[in-house]
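Asker: Pasting start.cif below, which is mmCIF, C-alpha atoms.
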data_work
loop_
_atom_site.label_atom_id
_atom_site.label_comp_id
_atom_site.auth_asym_id
_atom_site.auth_seq_id
_atom_site.Cartn_x
_atom_site.Cartn_y
_atom_site.Cartn_z
CA MET A 85 -38.59 -105.41 -18.25
CA ASN A 86 -39.46 -103.67 -21.49
CA LYS A 87 -41.38 -100.45 -21.90
CA GLN A 88 -44.51 -102.13 -23.17
CA MET A 89 -44.82 -104.27 -20.10
CA ILE A 90 -44.45 -101.28 -17.80
CA ILE A 91 -47.07 -99.30 -19.71
CA SER A 92 -49.56 -102.14 -19.80
CA GLY A 93 -48.83 -102.73 -16.12
CA LEU A 94 -49.57 -99.12 -15.32
CA LEU A 95 -52.67 -99.24 -17.47
CA ALA A 96 -53.93 -102.31 -15.68
CA PHE A 97 -53.25 -100.66 -12.36
CA SER A 98 -55.13 -97.47 -13.28
CA VAL A 99 -58.05 -99.53 -14.56
CA PHE A 100 -58.02 -101.43 -11.28
CA ILE A 101 -58.11 -98.14 -9.32
CA GLY A 102 -60.87 -96.88 -11.60
CA ILE A 103 -63.01 -99.98 -11.07
CA ASN A 104 -62.37 -99.70 -7.39
CA ASN A 105 -63.65 -96.15 -7.34
CA THR A 106 -66.84 -96.84 -9.22
CA ALA A 107 -67.68 -100.14 -7.56
CA TYR A 108 -67.06 -99.13 -3.98
CA ALA A 109 -67.79 -95.95 -2.10
CA ALA A 110 -65.56 -95.03 0.84
CA GLN A 111 -64.85 -97.94 3.19
CA TYR A 112 -65.80 -97.53 6.82
CA LYS A 113 -65.00 -99.70 9.77
CA VAL A 114 -67.54 -99.73 12.57
CA ASP A 115 -65.92 -98.15 15.63
CA VAL A 116 -66.22 -101.09 17.99
CA GLN A 117 -62.77 -100.31 19.40
CA GLY A 118 -63.96 -96.97 20.75
CA ALA A 119 -67.43 -98.44 21.44
CA HIS A 120 -69.26 -95.88 19.33
CA ALA A 121 -71.61 -98.55 18.15
CA PHE A 122 -74.42 -100.48 19.83
CA VAL A 123 -76.56 -103.48 19.04
CA GLN A 124 -79.54 -103.27 21.33
CA PHE A 125 -82.76 -105.16 21.73
CA LYS A 126 -85.96 -104.53 23.57
CA ILE A 127 -88.90 -106.76 24.22
CA LYS A 128 -92.05 -106.31 26.23
CA HIS A 129 -92.10 -107.94 29.65
CA LEU A 130 -95.55 -109.46 30.17
CA GLY A 131 -96.92 -106.56 28.16
CA TYR A 132 -96.36 -104.26 31.13
CA SER A 133 -92.92 -102.80 30.48
CA TRP A 134 -89.90 -102.84 28.16
CA LEU A 135 -86.91 -105.01 28.85
CA LEU A 136 -83.68 -103.76 27.28
CA GLY A 137 -80.47 -105.51 26.52
CA ARG A 138 -77.59 -105.49 24.09
CA PHE A 139 -74.95 -107.57 22.40
CA ASN A 140 -71.58 -106.39 23.64
CA THR A 141 -69.39 -108.02 20.99
CA PHE A 142 -69.87 -107.45 17.27
CA ASP A 143 -67.97 -106.11 14.32
CA GLY A 144 -68.78 -104.65 10.95
CA ASN A 145 -67.84 -102.71 7.88
CA PHE A 146 -69.79 -100.55 5.48
CA ASN A 147 -69.34 -98.52 2.34
CA TYR A 148 -70.95 -95.17 2.06
CA ASP A 149 -70.50 -92.11 -0.10
CA ALA A 150 -72.89 -89.17 0.17
CA ALA A 151 -72.48 -88.62 -3.57
CA LYS A 152 -73.51 -92.18 -4.41
CA PRO A 153 -75.56 -93.25 -1.38
CA ASN A 154 -77.44 -96.03 -3.14
CA GLU A 155 -74.19 -97.93 -3.69
CA SER A 156 -73.81 -98.33 0.07
CA GLN A 157 -73.28 -101.74 1.61
CA ILE A 158 -73.08 -103.00 5.15
CA ALA A 159 -72.16 -106.24 6.90
CA ILE A 160 -72.40 -106.78 10.65
CA ASP A 161 -71.34 -109.88 12.63
CA ILE A 162 -72.75 -110.33 16.11
CA ASP A 163 -71.32 -112.60 18.80
CA VAL A 164 -74.59 -113.87 20.26
CA THR A 165 -72.84 -115.21 23.36
CA SER A 166 -72.19 -111.60 24.38
CA ILE A 167 -75.86 -110.96 25.14
CA ASP A 168 -76.21 -108.75 28.19
CA SER A 169 -79.53 -107.90 29.78
CA ASN A 170 -77.90 -106.83 33.05
CA HIS A 171 -78.98 -110.02 34.83
CA ALA A 172 -76.74 -113.10 34.78
CA GLU A 173 -79.48 -115.64 35.43
CA ARG A 174 -81.60 -114.22 32.63
CA ASP A 175 -78.61 -114.07 30.27
CA LYS A 176 -77.89 -117.72 31.07
CA HIS A 177 -81.47 -118.59 30.17
CA LEU A 178 -81.37 -116.50 26.98
CA LYS A 179 -78.13 -118.21 25.91
CA GLY A 180 -79.62 -121.64 26.58
CA LYS A 181 -81.68 -123.99 24.42
CA ASP A 182 -84.97 -122.23 25.22
CA PHE A 183 -83.85 -119.14 23.34
CA LEU A 184 -80.65 -118.52 21.39
CA ASP A 185 -78.86 -121.87 21.89
CA VAL A 186 -75.52 -120.12 21.59
CA ASN A 187 -73.48 -123.33 21.88
CA LYS A 188 -74.88 -124.36 18.52
CA PHE A 189 -75.40 -120.90 17.02
CA PRO A 190 -72.78 -118.53 18.43
CA ASN A 191 -73.06 -115.98 15.61
CA ALA A 192 -75.67 -113.80 14.00
CA LYS A 193 -75.06 -111.61 11.01
CA PHE A 194 -76.62 -109.12 8.69
CA VAL A 195 -75.45 -108.56 5.10
CA SER A 196 -77.14 -105.90 3.01
CA LYS A 197 -78.32 -106.62 -0.52
CA ASN A 198 -79.79 -103.26 -1.35
CA ILE A 199 -79.74 -99.80 0.21
CA THR A 200 -82.03 -97.15 -1.21
CA PHE A 201 -81.98 -93.63 0.11
CA THR A 202 -85.38 -91.91 -0.01
CA ASP A 203 -83.83 -88.55 0.83
CA GLU A 204 -80.47 -87.27 2.12
CA LYS A 205 -80.85 -88.84 5.53
CA ASN A 206 -83.25 -91.74 5.25
CA ALA A 207 -82.82 -95.08 3.57
CA VAL A 208 -84.40 -98.47 3.37
CA VAL A 209 -81.95 -101.29 3.90
CA THR A 210 -82.76 -104.75 2.62
CA GLY A 211 -80.56 -107.73 3.34
CA GLU A 212 -80.17 -111.15 4.83
CA PHE A 213 -80.26 -111.57 8.58
CA THR A 214 -79.08 -114.82 10.15
CA LEU A 215 -80.01 -115.74 13.70
CA LYS A 216 -80.05 -119.17 15.33
CA GLY A 217 -79.15 -120.72 12.00
CA VAL A 218 -82.14 -119.19 10.18
CA THR A 219 -81.50 -116.73 7.37
CA LYS A 220 -84.28 -114.39 6.38
CA SER A 221 -84.54 -111.38 4.14
CA ILE A 222 -85.46 -108.33 6.18
CA SER A 223 -86.03 -104.71 5.34
CA PHE A 224 -85.83 -101.75 7.67
CA ASN A 225 -85.38 -97.98 7.78
CA VAL A 226 -82.11 -96.34 8.69
CA GLU A 227 -81.35 -92.75 9.36
CA LYS A 228 -78.04 -91.02 8.86
CA ILE A 229 -77.28 -89.15 12.08
CA GLY A 230 -74.28 -87.15 10.91
CA GLU A 231 -71.01 -87.14 9.08
CA GLY A 232 -67.76 -85.20 9.15
CA ASN A 233 -64.23 -84.87 10.47
CA ASP A 234 -63.50 -85.94 14.01
CA PRO A 235 -61.14 -83.89 16.22
CA TRP A 236 -58.35 -86.47 15.88
CA GLY A 237 -57.73 -86.47 12.16
CA GLY A 238 -60.28 -89.07 11.11
CA TYR A 239 -63.55 -88.98 9.23
CA ARG A 240 -66.74 -90.48 10.61
CA VAL A 241 -70.33 -91.13 9.70
CA GLY A 242 -73.08 -92.60 11.86
CA PHE A 243 -76.40 -94.33 11.26
CA SER A 244 -79.28 -95.71 13.28
CA GLY A 245 -81.73 -98.36 12.25
CA THR A 246 -84.45 -100.32 13.97
CA THR A 247 -86.47 -103.34 13.01
CA SER A 248 -88.88 -105.73 14.63
CA LEU A 249 -88.18 -109.46 14.47
CA LYS A 250 -90.71 -112.18 15.07
CA LEU A 251 -89.05 -114.61 17.48
CA SER A 252 -90.73 -117.69 16.02
CA ASP A 253 -89.29 -116.84 12.58
CA TYR A 254 -85.91 -117.69 14.06
CA GLY A 255 -86.94 -120.82 15.86
CA ILE A 256 -87.50 -119.18 19.24
CA THR A 257 -90.86 -120.48 20.35
CA TYR A 258 -90.57 -120.26 24.13
CA ASN A 259 -93.79 -118.77 25.46
CA LEU A 260 -93.12 -115.30 26.84
CA GLY A 261 -96.74 -114.29 26.53
CA PRO A 262 -98.85 -112.74 23.77
CA ALA A 263 -97.25 -109.29 24.17
CA SER A 264 -93.72 -110.63 23.70
CA THR A 265 -93.73 -112.45 20.36
CA HIS A 266 -91.50 -109.85 18.69
CA VAL A 267 -88.23 -108.26 19.65
CA ASP A 268 -87.19 -104.79 18.53
CA MET A 269 -83.61 -104.62 17.35
CA ALA A 270 -81.73 -101.34 17.15
CA LEU A 271 -78.40 -100.76 15.48
CA HIS A 272 -76.54 -97.55 16.26
CA ILE A 273 -73.21 -97.39 14.50
CA GLU A 274 -70.45 -94.97 13.85
CA GLY A 275 -67.92 -95.82 11.15
CA ILE A 276 -64.39 -94.52 10.74
CA ARG A 277 -63.33 -94.03 7.13
CA GLN A 278 -60.44 -96.33 6.24
CA MET B 204 -75.89 -137.79 74.03
CA ILE B 205 -75.38 -134.48 72.29
CA LYS B 206 -71.77 -135.20 71.37
CA ASN B 207 -70.19 -138.13 69.61
CA THR B 208 -68.69 -140.96 71.64
CA GLU B 209 -66.04 -143.54 70.78
CA GLN B 210 -68.77 -145.92 69.75
CA SER B 211 -71.48 -143.79 68.22
CA TYR B 212 -72.62 -140.48 66.83
CA GLY B 213 -74.24 -137.85 69.03
CA LEU B 214 -77.52 -136.09 68.48
CA ILE B 215 -76.06 -133.05 66.73
CA ALA B 216 -74.06 -135.09 64.21
CA ILE B 217 -77.10 -137.28 63.51
CA ILE B 218 -79.43 -134.33 63.00
CA LEU B 219 -76.93 -132.52 60.77
CA HIS B 220 -76.40 -135.67 58.70
CA TRP B 221 -80.05 -136.44 58.07
CA VAL B 222 -81.30 -132.89 57.64
CA MET B 223 -78.61 -132.27 55.04
CA ALA B 224 -79.27 -135.59 53.32
CA ILE B 225 -82.98 -134.84 52.97
CA VAL B 226 -82.41 -131.24 51.89
CA ILE B 227 -79.77 -132.21 49.31
CA PHE B 228 -82.01 -134.78 47.65
CA GLY B 229 -84.88 -132.31 47.85
CA LEU B 230 -82.87 -129.52 46.21
CA PHE B 231 -81.70 -131.94 43.51
CA GLY B 232 -85.31 -132.74 42.63
CA LEU B 233 -86.34 -129.10 42.85
CA GLY B 234 -83.41 -128.12 40.63
CA LEU B 235 -84.26 -130.63 37.91
CA TYR B 236 -87.92 -129.61 38.12
CA MET B 237 -87.51 -125.85 38.15
CA VAL B 238 -85.35 -125.64 35.02
CA GLU B 239 -88.17 -127.28 33.07
CA LEU B 240 -90.79 -124.74 34.19
CA SER B 241 -91.86 -122.24 31.58
CA TYR B 242 -92.34 -118.53 31.92
CA TYR B 243 -96.04 -118.61 32.69
CA ASP B 244 -95.86 -121.33 35.33
CA ALA B 245 -96.88 -119.84 38.66
CA TRP B 246 -93.80 -121.30 40.33
CA TYR B 247 -91.30 -120.18 37.66
CA LYS B 248 -89.85 -117.48 39.89
CA GLY B 249 -90.65 -118.91 43.32
CA SER B 250 -88.94 -122.24 42.70
CA LEU B 251 -85.63 -120.57 41.89
CA ASP B 252 -85.84 -118.22 44.88
CA LEU B 253 -86.57 -121.22 47.11
CA HIS B 254 -83.70 -123.24 45.62
CA LYS B 255 -81.25 -120.40 46.23
CA SER B 256 -82.52 -119.64 49.73
CA ILE B 257 -82.45 -123.26 50.90
CA GLY B 258 -79.08 -123.77 49.20
CA SER B 259 -77.65 -120.82 51.11
CA LEU B 260 -78.90 -122.18 54.44
CA LEU B 261 -77.46 -125.56 53.48
CA ALA B 262 -74.05 -123.93 52.99
CA ILE B 263 -74.28 -122.55 56.53
CA LEU B 264 -75.21 -126.03 57.80
CA LEU B 265 -72.18 -127.47 56.00
CA LEU B 266 -69.89 -125.00 57.75
CA ILE B 267 -71.45 -125.87 61.11
CA ARG B 268 -71.10 -129.55 60.30
CA VAL B 269 -67.42 -129.31 59.37
CA PHE B 270 -66.79 -127.23 62.48
CA TRP B 271 -68.62 -129.76 64.65
CA ARG B 272 -66.72 -132.63 63.08
CA THR B 273 -63.34 -131.01 63.79
CA VAL B 274 -64.05 -130.10 67.41
CA ASN B 275 -65.79 -133.40 68.16
CA LEU B 276 -64.25 -136.83 68.37
CA GLN B 277 -65.01 -139.30 65.57
CA PRO B 278 -66.41 -142.69 66.52
CA GLU B 279 -64.17 -145.63 65.75
CA HIS B 280 -64.88 -147.84 62.74
CA ALA B 281 -68.04 -149.84 63.24
CA ASP B 282 -66.37 -152.95 61.94
CA SER B 283 -62.89 -153.43 63.39
CA SER B 284 -62.35 -156.46 61.14
CA ALA B 285 -62.81 -154.42 57.94
CA ALA B 286 -60.02 -154.68 55.41
CA SER B 287 -57.75 -151.67 55.28
CA ILE B 288 -58.70 -151.08 51.66
CA GLU B 289 -62.34 -150.81 52.74
CA VAL B 290 -61.44 -148.37 55.51
CA LYS B 291 -59.48 -146.27 53.05
CA ALA B 292 -62.30 -146.32 50.51
CA ALA B 293 -64.72 -145.19 53.21
CA TYR B 294 -62.39 -142.37 54.23
CA PHE B 295 -61.96 -141.05 50.68
CA GLY B 296 -65.63 -141.59 49.91
CA HIS B 297 -66.66 -139.42 52.85
CA LEU B 298 -64.02 -136.83 51.99
CA ALA B 299 -65.36 -136.71 48.41
CA LEU B 300 -68.91 -136.17 49.72
CA TYR B 301 -67.77 -133.17 51.74
CA ILE B 302 -65.77 -131.70 48.86
CA LEU B 303 -68.64 -132.24 46.42
CA MET B 304 -71.12 -130.57 48.78
CA PHE B 305 -68.81 -127.60 49.17
CA LEU B 306 -68.10 -127.21 45.44
CA LEU B 307 -71.76 -127.71 44.53
CA MET B 308 -72.87 -124.91 46.84
CA LEU B 309 -70.01 -122.68 45.72
CA SER B 310 -70.87 -123.20 42.04
CA GLY B 311 -74.53 -122.40 42.71
CA TYR B 312 -73.53 -119.22 44.49
CA LEU B 313 -71.31 -118.22 41.56
CA ILE B 314 -74.19 -118.62 39.06
CA SER B 315 -76.58 -116.38 40.94
CA THR B 316 -74.01 -113.75 41.86
CA ALA B 317 -72.30 -113.59 38.43
CA ASP B 318 -73.70 -110.12 37.74
CA GLY B 319 -72.80 -108.77 41.18
CA ARG B 320 -76.30 -109.25 42.59
CA ALA B 321 -76.60 -110.63 46.10
CA ILE B 322 -78.66 -113.75 46.86
CA GLU B 323 -81.76 -112.87 48.86
CA VAL B 324 -82.19 -115.64 51.42
CA PHE B 325 -85.93 -115.85 52.13
CA ASN B 326 -85.91 -112.04 51.97
CA VAL B 327 -84.48 -112.13 55.49
CA PHE B 328 -80.83 -111.51 54.73
CA SER B 329 -78.73 -111.34 51.62
CA LEU B 330 -75.55 -113.13 50.64
CA PRO B 331 -73.37 -110.58 48.81
CA ALA B 332 -71.60 -111.31 45.53
CA LEU B 333 -67.84 -111.43 45.19
CA PRO B 334 -66.32 -108.12 44.06
CA PHE B 335 -65.05 -109.75 40.84
CA SER B 336 -66.37 -112.13 38.22
CA ILE B 337 -65.17 -113.92 35.11
CA ASP B 338 -66.57 -113.93 31.57
CA ASN B 339 -69.63 -116.12 31.11
CA GLN B 340 -69.46 -117.03 34.79
CA GLU B 341 -73.16 -117.96 34.90
CA ASP B 342 -72.75 -120.40 31.99
CA ILE B 343 -69.52 -122.00 33.16
CA PHE B 344 -70.69 -122.55 36.74
CA GLY B 345 -74.15 -123.52 35.50
CA GLU B 346 -72.57 -126.50 33.72
CA ILE B 347 -70.35 -127.27 36.70
CA HIS B 348 -73.31 -127.06 39.10
CA PHE B 349 -75.28 -129.51 36.98
CA TYR B 350 -72.53 -132.16 36.77
CA LEU B 351 -71.49 -131.76 40.42
CA ALA B 352 -75.10 -132.23 41.48
CA TRP B 353 -75.38 -135.52 39.58
CA THR B 354 -72.00 -136.67 40.91
CA LEU B 355 -72.98 -135.91 44.48
CA ILE B 356 -76.32 -137.66 44.13
CA VAL B 357 -74.72 -140.76 42.61
CA LEU B 358 -72.04 -140.86 45.31
CA ALA B 359 -74.56 -140.21 48.10
CA THR B 360 -76.72 -143.03 46.77
CA GLY B 361 -73.67 -145.29 46.80
CA HIS B 362 -73.02 -144.11 50.37
CA GLY B 363 -76.57 -145.16 51.26
CA PHE B 364 -76.18 -148.60 49.67
CA ALA B 365 -72.87 -149.05 51.50
CA ALA B 366 -74.65 -148.37 54.80
CA LEU B 367 -77.34 -150.93 53.91
CA LYS B 368 -74.62 -153.44 52.98
CA HIS B 369 -73.02 -152.97 56.41
CA HIS B 370 -76.39 -153.36 58.08
CA PHE B 371 -77.80 -156.36 56.24
CA ILE B 372 -74.72 -158.22 55.03
CA ASN B 373 -72.00 -157.44 57.56
CA LYS B 374 -74.63 -157.05 60.29
CA ASN B 375 -72.75 -154.36 62.16
CA ASN B 376 -74.09 -151.13 63.62
CA THR B 377 -72.80 -148.72 60.92
CA LEU B 378 -76.30 -147.62 59.99
CA LYS B 379 -77.85 -147.89 63.44
CA ARG B 380 -75.39 -145.56 65.07
CA MET B 381 -76.28 -142.86 62.55
CA LEU B 382 -79.98 -143.43 63.25
CA PHE B 383 -80.18 -143.66 67.04
CA VAL B 384 -78.40 -141.91 69.86
CA SER B 385 -76.79 -144.52 72.10
CA LYS B 386 -77.46 -144.37 75.78
#
What does the file become when written as structure tokens?
Answerer:
Amino acid sequence: MNKQMIISGLLAFSVFIGINNTAYAAQYKVDVQGAHAFVQFKIKHLGYSWLLGRFNTFDGNFNYDAAKPNESQIAIDIDVTSIDSNHAERDKHLKGKDFLDVNKFPNAKFVSKNITFTDEKNAVVTGEFTLKGVTKSISFNVEKIGEGNDPWGGYRVGFSGTTSLKLSDYGITYNLGPASTHVDMALHIEGIRQ
Amino acid sequence: MIKNTEQSYGLIAIILHWVMAIVIFGLFGLGLYMVELSYYDAWYKGSLDLHKSIGSLLAILLLIRVFWRTVNLQPEHADSSAASIEVKAAYFGHLALYILMFLLMLSGYLISTADGRAIEVFNVFSLPALPFSIDNQEDIFGEIHFYLAWTLIVLATGHGFAALKHHFINKNNTLKRMLFVSK
């Protein structure tokens, strides 16, 4: 190997690192292993109370750098079959054809297209959400809860976001009553810097 | 006669047989009907509670029936000239009906108790859940319950036609001795 090749190799490598630094902020993995992340839903029951549930299995990654917050990105995959409303018969119904039809559509996902911070803590996230085979562009507010070193040598940052989804937008037309046409989704995540 | 004899069935066996037959076909219809009800149907909740309650009582009847069958003598074959293959088919057919009934009730129980909740039987007593469960238990046993129910109904219908065949074609008392208590 001659000198020129080594130099150009090193140059290419440094350029690669440089691109990497500008294009991506710090990489975070959602802490699903330690279960410091939750995908919850709530929907009105008959208009008289709130019914809460969650998806137990999901995974995700995001990029975030406090210095360049608007370059953030996030992608979350949800295993829809893991729906848990603390009632097996209801979960069976929700997984069935009347609602989520999980045999045909076992996964839901959200991929951000644009994240714009309005101040240090608050941002508007826009991206594509896929549920029951329907992909729609949605926009919702997220709040940064906190960021810093953890006691075990890692670095963490956490966000919360909520949005309201119209069930019929995603092909769920089962009549739950006029008070229950929308479901509120909440995402509470903590990421560990990679 | 309360008990079975060498020739015929006793009152208890006859009552158990027909009550269970009627209830099983009734629960099958109720089951197919209730899963089609929508949330705002008045009977959406009641139909399921009824299905579970009656199903639980049916399971108790099945235990009584199996107990009664083991402590009681079985009448001899109605048709002593029947081919041995026919006798064998009848034996395994009846055995299959018992096994299907048992598995059907067990699978129903495992759907409703998948989250550890007990089954409330007519709000009189409750049937507790097992202390353990498997992933997606309600879905897995929901499928099993559905196919077992159809299998049992098809086999029970065949059982009925077989009885009619013995009555009208072979002209023996297979059906009659399950209908009337002999003197």
Asker: Running the PyMOL selection byres ((chain A) within 8 of (chain B)) on this model by hand, what would come out? Give it as a list in words.
Answerer: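 In the shown coordinates, the PyMOL selection byres ((chain A) within 8 of (chain B)) covers Asn170, His171, Ala172, Glu173, Lys176, Tyr258, Asn259, Leu260 and Gly261 of chain A.
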Asker: How would the residues just chosen look if you wrote them out with C-alpha atoms as an mmCIF file, keeping the file's coordinate frame?
Answerer:
data_model
loop_
_atom_site.group_PDB
_atom_site.id
_atom_site.type_symbol
_atom_site.label_atom_id
_atom_site.label_comp_id
_atom_site.auth_asym_id
_atom_site.auth_seq_id
_atom_site.Cartn_x
_atom_site.Cartn_y
_atom_site.Cartn_z
ATOM 1 C CA ASN A 170 -77.900 -106.830 33.050
ATOM 2 C CA HIS A 171 -78.980 -110.020 34.830
ATOM 3 C CA ALA A 172 -76.740 -113.100 34.780
ATOM 4 C CA GLU A 173 -79.480 -115.640 35.430
ATOM 5 C CA LYS A 176 -77.890 -117.720 31.070
ATOM 6 C CA TYR A 258 -90.570 -120.260 24.130
ATOM 7 C CA ASN A 259 -93.790 -118.770 25.460
ATOM 8 C CA LEU A 260 -93.120 -115.300 26.840
ATOM 9 C CA GLY A 261 -96.740 -114.290 26.530
#
Asker: List, as a PyMOL selection string, every residue that the PyMOL selection byres ((chain B and resi 353) around 12) selects in the file provided.
Answerer: chain B and resi 227-228+230-232+234-235+303-304+307+346-352+354-360
Asker: Keeping only C-alpha atoms, write the selected residues to a file as a tab-separated table (two decimals), keeping the file's coordinate frame.
Answerer:
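New file part-v8.tsv:
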chain	number	residue	atom	x	y	z
B	227	ILE	CA	-79.77	-132.21	49.31
B	228	PHE	CA	-82.01	-134.78	47.65
B	230	LEU	CA	-82.87	-129.52	46.21
B	231	PHE	CA	-81.70	-131.94	43.51
B	232	GLY	CA	-85.31	-132.74	42.63
B	234	GLY	CA	-83.41	-128.12	40.63
B	235	LEU	CA	-84.26	-130.63	37.91
B	303	LEU	CA	-68.64	-132.24	46.42
B	304	MET	CA	-71.12	-130.57	48.78
B	307	LEU	CA	-71.76	-127.71	44.53
B	346	GLU	CA	-72.57	-126.50	33.72
B	347	ILE	CA	-70.35	-127.27	36.70
B	348	HIS	CA	-73.31	-127.06	39.10
B	349	PHE	CA	-75.28	-129.51	36.98
B	350	TYR	CA	-72.53	-132.16	36.77
B	351	LEU	CA	-71.49	-131.76	40.42
B	352	ALA	CA	-75.10	-132.23	41.48
B	354	THR	CA	-72.00	-136.67	40.91
B	355	LEU	CA	-72.98	-135.91	44.48
B	356	ILE	CA	-76.32	-137.66	44.13
B	357	VAL	CA	-74.72	-140.76	42.61
B	358	LEU	CA	-72.04	-140.86	45.31
B	359	ALA	CA	-74.56	-140.21	48.10
B	360	THR	CA	-76.72	-143.03	46.77
Asker: So that I can check the surroundings of stretch 271-282 of chain B, please list as a list of chain:residue names every protein, DNA and RNA residue that reaches within 9 Å of it, counting only C-alpha atoms and ignoring chain neighbours fewer than 3 positions away.
Answerer: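 Listing them by chain and then by number gives B:Lys206, B:Asn207, B:Thr208, B:Glu209, B:Gln210, B:Ser211, B:Tyr212, B:Ile215, B:Ala216, B:Leu266, B:Ile267, B:Arg268, B:Ala285, B:Val290, B:His369, B:Asn373, B:Asn375, B:Asn376, B:Thr377, B:Arg380.
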Asker: Excluding stretch 230-247 of chain A and residues on its chain fewer than 4 positions from it, collect all residues at most 6 Å away from it, counting all atoms listed in the file, and give them as a PyMOL selection string.
Answerer: chain A and resi 224-226+268-277
Asker: Enter the distance from atom CA of B:Met237 to atom CA of B:Ala321, in Å, rounded to one decimal.
Answerer: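 Going from atom CA of B:Met237 over to atom CA of B:Ala321, I get 20.3 Å.
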Asker: Counting only C-alpha atoms, find the residues whose atoms lie at most 8 Å from (-87.3, -104.0, 25.2) (file coordinates) and write them out as a PyMOL selection string.
Answerer: chain A and resi 125-129+133-137+267-268
Asker: Counting only C-alpha atoms, what is within 9 Å of A:Asp182, bar same-chain residues fewer than 4 positions away, as a JSON list (two decimals) with C-alpha atoms, in the coordinates of the input?
Answerer:
[["chain", "number", "residue", "atom", "x", "y", "z"],
["A", 177, "HIS", "CA", -81.47, -118.59, 30.17],
["A", 178, "LEU", "CA", -81.37, -116.50, 26.98],
["A", 256, "ILE", "CA", -87.50, -119.18, 19.24],
["A", 257, "THR", "CA", -90.86, -120.48, 20.35],
["A", 258, "TYR", "CA", -90.57, -120.26, 24.13]]
Asker: Would you mind reading off the distance between atom CA of B:Gly361 and atom CA of B:Tyr312, one decimal, in Å?
Answerer: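 Separation of atom CA of B:Gly361 and atom CA of B:Tyr312: 26.2 Å.
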Asker: What do you get, as a PyMOL selection string, if you spell out every residue that the PyMOL selection byres ((chain B and resi 256) around 12) selects here?
Answerer: chain B and resi 226+230+249-255+257-263+308+311-312+315+321-330
Asker: Rounded to one decimal place, report the atom CA of B:Ile337-atom CA of A:Phe183 distance in Å.
Answerer: 22.7 Å
Asker: Please identify all polymer residues within 8 Å of stretch 202-209 of chain A, counting only C-alpha atoms, omitting same-chain residues fewer than 3 positions from it, and present them as a PyMOL selection string.
Answerer: chain A and resi 196-199+223-229
Asker: I'd like to know which of B:Leu306, B:Tyr247, B:Leu265, B:Ala292 is closest to B:Leu233, using only C-alpha atoms.
Answerer: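 Of all the options, B:Tyr247 lies closest to B:Leu233.
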Asker: Skipping near chain neighbours, those fewer than 5 positions away, what residues fall within 12 Å of A:Leu215 using all atoms listed in the file, listed as number ranges by chain?
Answerer: A: 161-164, 183-186, 188-194, 220-222, 249-256
